[in-house]
Amino acid sequence: MPDATPSLLSVPALASMFRFQWEDAQQCHVLLYPEGMIKLNQSAGEILQLCDGRRDVAAIVAALEAKFQASGLGGDVLEFLEVAHDNRWISY
Amino acid sequence: MTIAGSVTERASARCGPPLWLLAEVTYRCPLHCVFCYNPVDYTRYGEELSTDEWLRVLREARKLGAAQLGFSGGEPLVRDDLEILVAEAHRLGYYTNLITSGVGLTEQRIKAFKEAGLDHIQLSFQDSTQELNDFLTHTRTFDLKERVMKAVRAYGYPTVLNVVLHRLNIDHIEQILAMAEAMGVEYLELANTQFYAWAMVNRDLLLPTREQVERAEAVTNAFRERIGDRMRVFFVVPDYYAKRPKACMNGWGSVFLTITADGVALPCHEARQLPGLTFPNVREAELGWIWNESPGFNAYRGDAWMQEPCRTCPEKSKDFGGCRCQAYLLTGDATNADPACDLSPHHHLIGEAVLRAAARPPDVRKIVFRNDKNSRALSEG
């Protein structure tokens, strides 16, 4: 069993049951799953967009820090990934 | 980090987008389920929408903001253009769900659906007396469902089974759960019959007693504890034994849009029977107008239409007065509170129905199966 707590080396991928996309009508990213939809806030959307099964968490953090010209986002990203994993949106 | 809302939390928004599109692509069906929710007079309705007409509906609804799409029927697999519709729906960005009995779901078609981008398959256990017996004795029906489940799993889909419970099968709950376990089902929905359409015609035969429901729920709870994470089991309590009505369709014209086989747009799949309302056909009107402007879709939006006790009820924003179709079916007036609510002055009608059904053993010879002959007879009546 993979560890539920992500590290910088974890490689998160969206779980196959979910579809992640931008919804114009909602003006936000969403996760679609059987008979439901989760509306994501901006940061959740930005992180999940990078969970492609290829990048590790370190690369995701680096990409976000570059995009938003920020630093020290690692903690927030790991915290969100834990929530996302608990909800089975992603797997490692 | 917070996750803002979900489909079920945005019910108060008036006239937001129709998030859910239910495409009842055909009323044709190889089965004859006694609880079918298709209209009893389905044989009266006109020609099915063509492939091009469905493609237009999919595009227009997606433009309005629909994100979930259910292909249902009848049996949607009866249509040989379903792969074309799924492919276009996927391309448009829908989450696509196929709701099927599995009859006609060959491995070849599952493969084609997968390639077309189908996201999800829900297999329903269709019930007639024959099928019930088959199922409980491990014969044909079990074999069909097991074969389909295997193929569904092989193509990477979660295995989802829906079983409609009623008076004639609910006492076999142990066997039903055991079969689901043997098939390796991951999600099992045990849906107690809701009494509309064909189920309403057969209500005295299908309405379980309170003891039956309570026992089934207890058995299900014990099963849940044993099975743990291997299977998620949902037990949907029947309206007739609830104290408050369901928030039907999350409010009229709030998130659900049904298009029937012949193109009629409805706020829920039972609304066609309501008197005094006209629902537009997508052949004659654009979907944006239908959803936002048409009188039928606006009839029970908001709460100005409500009577007492709903009008001043603090729970009206939670359940919207329940189901308009159930209010009409039981009281003759769709603006009444849903009698499933124990605050409704008509709640006694529910109790009387329960007593009437319980008063005598079900006579299965009186079952009215959903078929063309019975539909024609019921249309005339």
# chains A, B, ... in the order shown; residues from 1 in each chain; ligands from 1

$ select_by_dssp --residues "segment 86-284 of chain B" --states "alpha helix (DSSP H)" --output "ChimeraX atom specification"
/B:86-92,107-116,129-136,140-154,173-182,197-201,203-206,210-227

$ interface_residues --of "chain B" --to "chain A" --cutoff "12 Å" --atoms "only C-alpha atoms" --output "ChimeraX atom specification"
/B:1-10,16-22,61-70,90,92-99,117-122,155-160,187,255-256

$ atom_distance --atom1 "atom CA of Asp52 of chain B" --atom2 "atom CA of Thr278 of chain B"
24.4 Å

$ select_by_dssp --residues "segment 25-258 of chain B" --states "strand (DSSP E)" --output "compact mmCIF listing (two decimals) with N, CA and C atoms, in the first residue's frame"
# COMPACT_ATOMS: atom_id res chain seq x y z
N GLN B 68 -22.89 16.93 -16.22
CA GLN B 68 -23.16 15.51 -16.04
C GLN B 68 -24.19 15.09 -17.07
N LEU B 69 -23.92 13.96 -17.71
CA LEU B 69 -24.85 13.47 -18.71
C LEU B 69 -25.15 12.01 -18.45
N GLY B 70 -26.42 11.68 -18.33
CA GLY B 70 -26.83 10.28 -18.18
C GLY B 70 -27.52 9.83 -19.44
N PHE B 71 -27.07 8.70 -19.99
CA PHE B 71 -27.79 8.07 -21.09
C PHE B 71 -28.66 6.99 -20.50
N SER B 72 -29.97 7.17 -20.66
CA SER B 72 -30.90 6.25 -20.04
C SER B 72 -31.99 5.92 -21.04
N TYR B 95 -19.23 14.67 -18.31
CA TYR B 95 -18.95 13.40 -17.64
C TYR B 95 -20.08 12.48 -18.04
N THR B 96 -19.75 11.42 -18.76
CA THR B 96 -20.79 10.61 -19.39
C THR B 96 -21.07 9.32 -18.61
N ASN B 97 -22.33 9.11 -18.30
CA ASN B 97 -22.78 7.95 -17.54
C ASN B 97 -23.75 7.13 -18.39
N LEU B 98 -23.53 5.84 -18.42
CA LEU B 98 -24.45 4.94 -19.11
C LEU B 98 -25.24 4.16 -18.06
N ILE B 99 -26.56 4.29 -18.12
CA ILE B 99 -27.42 3.62 -17.15
C ILE B 99 -28.14 2.51 -17.89
N THR B 100 -27.77 1.27 -17.62
CA THR B 100 -28.19 0.17 -18.48
C THR B 100 -28.52 -1.09 -17.69
N HIS B 120 -18.43 6.24 -17.26
CA HIS B 120 -19.00 5.49 -16.15
C HIS B 120 -20.16 4.63 -16.62
N ILE B 121 -20.25 3.45 -16.05
CA ILE B 121 -21.36 2.55 -16.38
C ILE B 121 -22.07 2.13 -15.10
N GLN B 122 -23.36 2.32 -15.05
CA GLN B 122 -24.15 1.82 -13.93
C GLN B 122 -25.05 0.71 -14.42
N LEU B 123 -24.82 -0.46 -13.88
CA LEU B 123 -25.61 -1.62 -14.28
C LEU B 123 -26.80 -1.74 -13.34
N SER B 124 -27.98 -1.80 -13.91
CA SER B 124 -29.16 -1.94 -13.07
C SER B 124 -29.63 -3.37 -13.10
N PHE B 125 -30.04 -3.83 -11.97
CA PHE B 125 -30.63 -5.15 -11.92
C PHE B 125 -32.10 -4.99 -12.24
N VAL B 160 -20.49 -0.91 -10.67
CA VAL B 160 -21.59 -0.25 -9.98
C VAL B 160 -22.89 -0.98 -10.28
N LEU B 161 -23.58 -1.40 -9.25
CA LEU B 161 -24.82 -2.14 -9.45
C LEU B 161 -25.95 -1.45 -8.69
N ASN B 162 -27.07 -1.30 -9.39
CA ASN B 162 -28.25 -0.72 -8.78
C ASN B 162 -29.34 -1.78 -8.73
N VAL B 163 -29.89 -1.99 -7.53
CA VAL B 163 -30.98 -2.95 -7.38
C VAL B 163 -32.19 -2.23 -6.79
N VAL B 164 -33.30 -2.31 -7.47
CA VAL B 164 -34.52 -1.69 -6.95
C VAL B 164 -35.19 -2.68 -6.00
N LEU B 165 -35.44 -2.22 -4.80
CA LEU B 165 -36.08 -3.08 -3.79
C LEU B 165 -37.58 -2.82 -3.73
N TYR B 187 -19.63 -0.64 -5.89
CA TYR B 187 -20.66 0.31 -5.43
C TYR B 187 -22.02 -0.34 -5.64
N LEU B 188 -22.77 -0.47 -4.57
CA LEU B 188 -24.09 -1.08 -4.67
C LEU B 188 -25.13 -0.09 -4.17
N GLU B 189 -26.09 0.21 -5.02
CA GLU B 189 -27.18 1.07 -4.59
C GLU B 189 -28.44 0.23 -4.43
N LEU B 190 -28.95 0.20 -3.22
CA LEU B 190 -30.21 -0.48 -2.95
C LEU B 190 -31.28 0.60 -2.90
N ALA B 191 -32.01 0.72 -3.98
CA ALA B 191 -32.97 1.82 -4.11
C ALA B 191 -34.37 1.28 -3.88
N ASN B 192 -34.97 1.68 -2.79
CA ASN B 192 -36.36 1.28 -2.59
C ASN B 192 -37.23 1.94 -3.66
N ARG B 232 -19.00 -0.19 -1.30
CA ARG B 232 -19.80 0.88 -0.67
C ARG B 232 -21.27 0.60 -0.99
N VAL B 233 -22.07 0.57 0.07
CA VAL B 233 -23.48 0.21 -0.10
C VAL B 233 -24.36 1.40 0.29
N PHE B 234 -25.19 1.82 -0.64
CA PHE B 234 -26.13 2.92 -0.37
C PHE B 234 -27.52 2.32 -0.23
N PHE B 235 -28.20 2.71 0.82
CA PHE B 235 -29.56 2.20 1.04
C PHE B 235 -30.50 3.41 1.00
N VAL B 236 -31.31 3.48 -0.02
CA VAL B 236 -32.19 4.63 -0.18
C VAL B 236 -33.54 4.33 0.46
N PHE B 256 -31.65 19.89 -12.78
CA PHE B 256 -31.94 18.73 -13.62
C PHE B 256 -32.72 19.08 -14.87
N LEU B 257 -32.29 18.47 -15.95
CA LEU B 257 -32.98 18.63 -17.23
C LEU B 257 -33.08 17.27 -17.87
N THR B 258 -34.31 16.83 -18.12
CA THR B 258 -34.52 15.55 -18.80
C THR B 258 -35.01 15.82 -20.21

$ atom_distance --atom1 "atom CA of Asp303 of chain B" --atom2 "atom CA of Phe320 of chain B"
7.5 Å

$ residues_around --residues "segment 58-74 of chain A" --least-positions-apart "5" --cutoff "7 Å" --atoms "only C-alpha atoms" --output "tab-separated table (two decimals) with C-alpha atoms, in the first residue's frame"
chain	number	residue	atom	x	y	z
A	8	LEU	CA	8.34	15.73	-2.33
A	9	LEU	CA	9.17	12.53	-4.20
A	50	LEU	CA	-0.27	19.56	-12.47

$ atom_distance --atom1 "atom CA of Val201 of chain B" --atom2 "atom CA of Lys246 of chain B"
21.3 Å

$ residues_around --residues "Lys373 of chain B" --least-positions-apart "3" --cutoff "12 Å" --atoms "only C-alpha atoms" --output "PyMOL selection string"
chain B and resi 32+40-44+368-370+376-380

$ closest_residue --among "B:Lys366, B:Ala247, B:Arg215, B:Gly288" --to "Ser317 of chain B" --atoms "only C-alpha atoms"
B:Ala247

$ residues_around --residues "Leu330 of chain B" --least-positions-apart "5" --cutoff "12 Å" --atoms "only C-alpha atoms" --output "MDAnalysis selection string"
chainID B and resid 195:196 200 240 274 323:325 335:340 344:353

$ residues_around --residues "Pro6 of chain A" --least-positions-apart "4" --cutoff "9 Å" --atoms "only C-alpha atoms" --output "list in words"
Ser10, Val11, Pro12, Val57, Leu78, Glu79, Leu81, Glu82, His85 and Tyr92 of chain A

$ decode --residues "segment 183-194 of chain B" --atoms "N, CA and C atoms" --output "mmCIF file, in the first residue's frame"
data_model
loop_
_atom_site.group_PDB
_atom_site.id
_atom_site.type_symbol
_atom_site.label_atom_id
_atom_site.label_comp_id
_atom_site.auth_asym_id
_atom_site.auth_seq_id
_atom_site.Cartn_x
_atom_site.Cartn_y
_atom_site.Cartn_z
ATOM 1 N N MET B 183 -20.007 -11.057 -7.242
ATOM 2 C CA MET B 183 -19.679 -10.414 -8.520
ATOM 3 C C MET B 183 -18.536 -9.422 -8.398
ATOM 4 N N GLY B 184 -18.134 -9.129 -7.171
ATOM 5 C CA GLY B 184 -17.071 -8.140 -6.988
ATOM 6 C C GLY B 184 -17.530 -6.715 -7.211
ATOM 7 N N VAL B 185 -18.803 -6.449 -6.905
ATOM 8 C CA VAL B 185 -19.340 -5.097 -7.067
ATOM 9 C C VAL B 185 -18.646 -4.146 -6.080
ATOM 10 N N GLU B 186 -18.264 -2.946 -6.567
ATOM 11 C CA GLU B 186 -17.619 -1.961 -5.688
ATOM 12 C C GLU B 186 -18.614 -0.960 -5.111
ATOM 13 N N TYR B 187 -19.632 -0.635 -5.888
ATOM 14 C CA TYR B 187 -20.660 0.306 -5.430
ATOM 15 C C TYR B 187 -22.025 -0.343 -5.640
ATOM 16 N N LEU B 188 -22.767 -0.467 -4.571
ATOM 17 C CA LEU B 188 -24.091 -1.082 -4.669
ATOM 18 C C LEU B 188 -25.133 -0.087 -4.172
ATOM 19 N N GLU B 189 -26.092 0.209 -5.025
ATOM 20 C CA GLU B 189 -27.184 1.069 -4.586
ATOM 21 C C GLU B 189 -28.435 0.226 -4.433
ATOM 22 N N LEU B 190 -28.955 0.202 -3.221
ATOM 23 C CA LEU B 190 -30.208 -0.483 -2.949
ATOM 24 C C LEU B 190 -31.282 0.596 -2.896
ATOM 25 N N ALA B 191 -32.012 0.718 -3.983
ATOM 26 C CA ALA B 191 -32.966 1.815 -4.109
ATOM 27 C C ALA B 191 -34.366 1.283 -3.878
ATOM 28 N N ASN B 192 -34.971 1.676 -2.791
ATOM 29 C CA ASN B 192 -36.360 1.279 -2.594
ATOM 30 C C ASN B 192 -37.225 1.939 -3.656
ATOM 31 N N THR B 193 -38.199 1.206 -4.128
ATOM 32 C CA THR B 193 -39.083 1.694 -5.181
ATOM 33 C C THR B 193 -39.720 3.020 -4.795
ATOM 34 N N GLN B 194 -39.690 3.960 -5.720
ATOM 35 C CA GLN B 194 -40.459 5.196 -5.560
ATOM 36 C C GLN B 194 -41.725 5.029 -6.386
#
